[in-house]
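Student: A single structure is presented below for examination.
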Amino acid sequence: MEAMEIDAEKNLQRKQSTYLSLDETFEIQKETYRGQQYSQIYFARLHLMRTLLYSLVPHWKSHLKVCTVLGLEEEKECIIVGTLYKHMKLKPCILDEYSKERSAVPLVKPHNFLHLDDHLVLEDESGRVKLGGDMLSPSSYVTGVVVALHGKETGSGDFLVLDVLEAGLPPQIELPLQSREDKYVVFVSGLNVGSSTSNPLQFQLLVDHITGHLGDEKEQGIASQIVHVVIAGNSVEIPSGLLNGQNLASKDQSRLSEPVKELDILLSQIAAGVPLDIMPGPNDPANFSLPQQPLHRCLFPGSAAYNTFRSCTNPHCFELDNIRFLGTSGQNIDDLEKYSEAKDKLEFMERTLKWRHLAPTAPNTLGCYPFTDRDPFLIESCPHVYFVGNQDKYGTRELRGSEGQLVRLLSIPKFCETGVAVMLNMKSLECHTLSFGTQFGS
């Protein structure tokens, strides 16, 4: 009898949370493509952002007149609102690839396309004007951002910028104040199942930790407080050499589907115990342009059998216990890094929130669907947690807005390269990493 008491296990109950999906804005349902160009998404963006900036101008510089680009008068101070365009000397152009002189001038593919001669232009429906002065640094801005500028037209026809007004952080719903308890959300990205750098044991350790099959009683106690798992893109890597437009042999077909089958087996282990959101990334079998639509459920016959498994869009927005989460698989921030400069990825994330736009470089340098009457990437409500997947390293910071907004910024590293996942405590919005190593010292 005593022996039985010693072996008796203490039953741990997994905590629950209420989930609300807010992906509807990123879903392409009744949109029809009729050969439309991208001008309409820019018009929609300018119209909505200009209305917002006009409402902020009286609190900023009420004594100044608001003009259009065409209505500028020389040496007369005023405010203009429009979309920035960055003229870049090194920006890749498809025509360069077919240039006759391409043998003489090597085609460079730099990590960053900034050049000292880059300059900014402001554009509205009436026209465009080149911007001058030191207030607006071309290296900090990208094409597609809507701003209000205080300045005056110079004799040379440029607009000398004296001050800048950005939209700033959007309004935020209040954090729920009821007696919150420790509940955790796990973020992981860049699993790259099927790639040469992927370590199946490492991923299995993560799965075992989430499901409570790893560690002592204390570890299992923490695992029981995990209420949600988010996989932020690049879950599989399909061998690209096989996709050459030819009919595939049956052996190659199985090689193509192997990574997805392996991922499904591991995901079904998580979904059996914890609600799971999977987002598509640039390498996943989904549409390339943003917003990426959910990965088809038929890819995951094992996991999709569970009602805890959700295939989501990228970008992805949802609420857990009234805490709002917004995130991407990393394309928006990676593109900003190519065309502007910041001290780290978190600063790029900050800028997107202050510009109130998730992907300002879409559709200029980042592929996106040609919406006609809306821009789904405008951030209308400030999230409490803003995450970006597939980054080189882990990073986190707290961002505070002028109206008391509080945002937890989260840069999630590639799991296949770092073995690092991120745990966020919903009680305090504090984060810590989970590191899994499978290297044994000799």
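Identifiers in this document derive from the order of the structure tokens: chains are assigned A, B, ..., residues are numbered from 1 separately in each chain, and ligands are numbered from 1 in order of occurrence.
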Write out as a list of chain:residue names the residues lying within 10 Å of A:Ser428, counting only C-alpha atoms and excluding same-chain residues fewer than 4 positions away.
Tutor: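 Here the qualifying residues turn out to be A:Arg180, A:Glu181, A:Asp182, A:Lys183, A:Leu424.
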Student: Restricted to all heavy atoms, what would the selected residues look like written as a compact mmCIF listing (two decimals), in the first residue's frame?
Tutor:
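Output file out.txt is given in full below:
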# COMPACT_ATOMS: atom_id res chain seq x y z
N ARG A 180 -5.28 38.38 -12.68
CA ARG A 180 -4.71 37.50 -13.69
C ARG A 180 -3.75 36.52 -13.04
O ARG A 180 -3.12 36.81 -12.05
CB ARG A 180 -3.98 38.35 -14.75
CG ARG A 180 -4.94 39.09 -15.65
CD ARG A 180 -4.23 39.76 -16.79
NE ARG A 180 -3.48 40.93 -16.34
CZ ARG A 180 -2.54 41.54 -17.05
NH1 ARG A 180 -2.21 41.07 -18.21
NH2 ARG A 180 -1.92 42.60 -16.59
N GLU A 181 -3.65 35.35 -13.66
CA GLU A 181 -2.73 34.33 -13.14
C GLU A 181 -1.67 34.04 -14.18
O GLU A 181 -1.78 34.46 -15.34
CB GLU A 181 -3.52 33.06 -12.79
CG GLU A 181 -4.42 32.59 -13.92
CD GLU A 181 -5.29 31.41 -13.53
OE1 GLU A 181 -4.89 30.67 -12.62
OE2 GLU A 181 -6.36 31.23 -14.14
N ASP A 182 -0.63 33.32 -13.77
CA ASP A 182 0.44 32.96 -14.70
C ASP A 182 -0.10 32.04 -15.79
O ASP A 182 -0.54 30.92 -15.52
CB ASP A 182 1.58 32.25 -13.95
CG ASP A 182 2.35 33.22 -13.06
OD1 ASP A 182 2.60 34.34 -13.51
OD2 ASP A 182 2.69 32.84 -11.92
N LYS A 183 -0.07 32.55 -17.01
CA LYS A 183 -0.40 31.73 -18.18
C LYS A 183 0.62 32.06 -19.25
O LYS A 183 0.98 33.23 -19.41
CB LYS A 183 -1.81 32.07 -18.70
CG LYS A 183 -2.95 31.55 -17.85
CD LYS A 183 -4.28 31.90 -18.52
CE LYS A 183 -5.46 31.50 -17.65
NZ LYS A 183 -6.75 31.87 -18.29
N LEU A 424 6.01 33.72 -23.26
CA LEU A 424 5.53 35.01 -22.77
C LEU A 424 4.50 34.76 -21.68
O LEU A 424 3.56 33.99 -21.85
CB LEU A 424 4.90 35.79 -23.92
CG LEU A 424 4.24 37.12 -23.52
CD1 LEU A 424 4.80 38.26 -24.34
CD2 LEU A 424 2.73 37.09 -23.67
Student: Can you pull out the residues contacting A:Lys61? Cut-off 12 Å, using only C-alpha atoms, and skip same-chain residues under 2 positions away; I want them as number ranges by chain.
Tutor: A: 53-59, 63-66, 77-80, 148-151, 162-165
Student: Taking only C-alpha atoms into account, name the residue in A:Val422, A:Cys382, A:Leu299, A:Ile231 that is nearest to A:Leu326.
Tutor: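 Comparing A:Val422, A:Cys382, A:Leu299, A:Ile231 against A:Leu326, the winner is A:Cys382.
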Student: What are the DSSP strand (DSSP E or B) residues of stretch 141-351 of chain A, as an MDAnalysis selection string?
Tutor: chainID A and resid 146:153 159:165 184:189 193 226:232 236 276:279 290 292 309:311 314 316:320 323:328
Student: Near A:Val185, within 10 Å and counting only C-alpha atoms, which residues show up once chain neighbours fewer than 2 positions away are dropped, as a PyMOL selection string?
Tutor: chain A and resi 183+187+225-230+275-276+320+422-426+429+431
Student: Considering only C-alpha atoms, can you say which of A:Val142, A:Val81, A:Leu131, A:Val260 comes closest to A:Lys338?
Tutor: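 Counting only C-alpha atoms, the residue closest to A:Lys338 is A:Val142.
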Student: What does the distance between atom CA of A:Tyr369 and atom CA of A:Gly233 come to in Å, to one decimal place?
Tutor: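 Straight-line distance from atom CA of A:Tyr369 to atom CA of A:Gly233 works out to 18.8 Å.
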Student: Can you tell me how far atom CA of A:Leu366 sits from atom CA of A:Asp118, in Å to one decimal?
Tutor: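 Atom-to-atom, atom CA of A:Leu366 and atom CA of A:Asp118 are spaced 19.2 Å apart.
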Student: Can I get the residues of stretch 6-81 of chain A within 12 Å of stretch 204-215 of chain A, each with the closest pair of atoms and their distance in Å to one decimal, using only C-alpha atoms, sorted chain first then ascending number, as a tab-separated table?
Tutor:
residue	atom	partner	partner_atom	distance
A:Asn11	CA	A:Gly212	CA	11.4
A:Leu12	CA	A:Gly212	CA	9.4
A:Gln13	CA	A:Gly212	CA	10.8
A:Arg14	CA	A:Thr211	CA	9.6
Student: So which one's closest to A:Leu116, A:Ser402, A:Ser250, A:Gln292, A:Ser340? Using only C-alpha atoms, please.
Tutor: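 Selected residue with least distance to A:Leu116: A:Ser340.
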Student: I'd like to know which residues of stretch 84-300 of chain A are helix (DSSP H, G or I) (by DSSP, run on the backbone); could you write them as number ranges by chain?
Tutor: A: 94-98, 100-103, 138-140, 200-210, 217-223, 240-242, 250-271, 297-299
Student: Between atom CA of A:Leu191 and atom CA of A:Asp264, measure the distance and give it in Å to one decimal.
Tutor: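 Between atom CA of A:Leu191 and atom CA of A:Asp264 the gap works out to 12.4 Å.
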Student: Please determine, counting only C-alpha atoms, which residue among A:Arg408, A:Arg374, A:Arg397, A:Arg310 has the shortest atom-to-atom distance to A:Tyr42.
Tutor: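 So, comparing all the options, the nearest one is A:Arg374.
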Student: Tell me which of A:Pro301, A:Pro138, A:Gly133, A:Pro176 sits closest to A:Asp158, counting only C-alpha atoms.
Tutor: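 Using only C-alpha atoms, A:Asp158 sits closest to A:Gly133.
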Student: For A:Leu90, please output as a list in words all residues within 8 Å (counting only C-alpha atoms; exclusion window: fewer than 3 positions along the same chain).
Tutor: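 That gives Phe113, Leu114 and His115 of chain A.
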Student: Need the shell around A:Ser39: protein/DNA/RNA residues with any atom at most 9 Å away, counting only C-alpha atoms. Skip same-chain ones fewer than 5 positions apart. Format as a ChimeraX atom specification?
Tutor: /A:44,370,372
Student: The selected residues should be written to file as a CSV table (one decimal), in the first residue's frame (atoms: N, CA, C and O atoms).
Tutor:
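Written output follows (again.csv):
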chain,number,residue,atom,x,y,z
A,44,ALA,N,-6.1,54.2,-51.1
A,44,ALA,CA,-6.8,53.9,-49.9
A,44,ALA,C,-6.0,54.2,-48.6
A,44,ALA,O,-6.5,54.7,-47.6
A,370,PRO,N,-3.2,43.1,-54.8
A,370,PRO,CA,-3.7,44.5,-55.1
A,370,PRO,C,-5.1,44.8,-54.7
A,370,PRO,O,-6.1,44.7,-55.5
A,372,THR,N,-8.4,46.9,-53.7
A,372,THR,CA,-8.9,48.1,-54.4
A,372,THR,C,-9.5,49.1,-53.5
A,372,THR,O,-9.4,50.3,-53.7
Student: Check the smallest atom-to-atom distance from each of A:Phe415, A:Tyr339, A:Phe377, A:Tyr306 to A:Lys89 using only C-alpha atoms, then report the winner.
Tutor: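 Answer, going by the shortest atom-to-atom distance: A:Tyr339.
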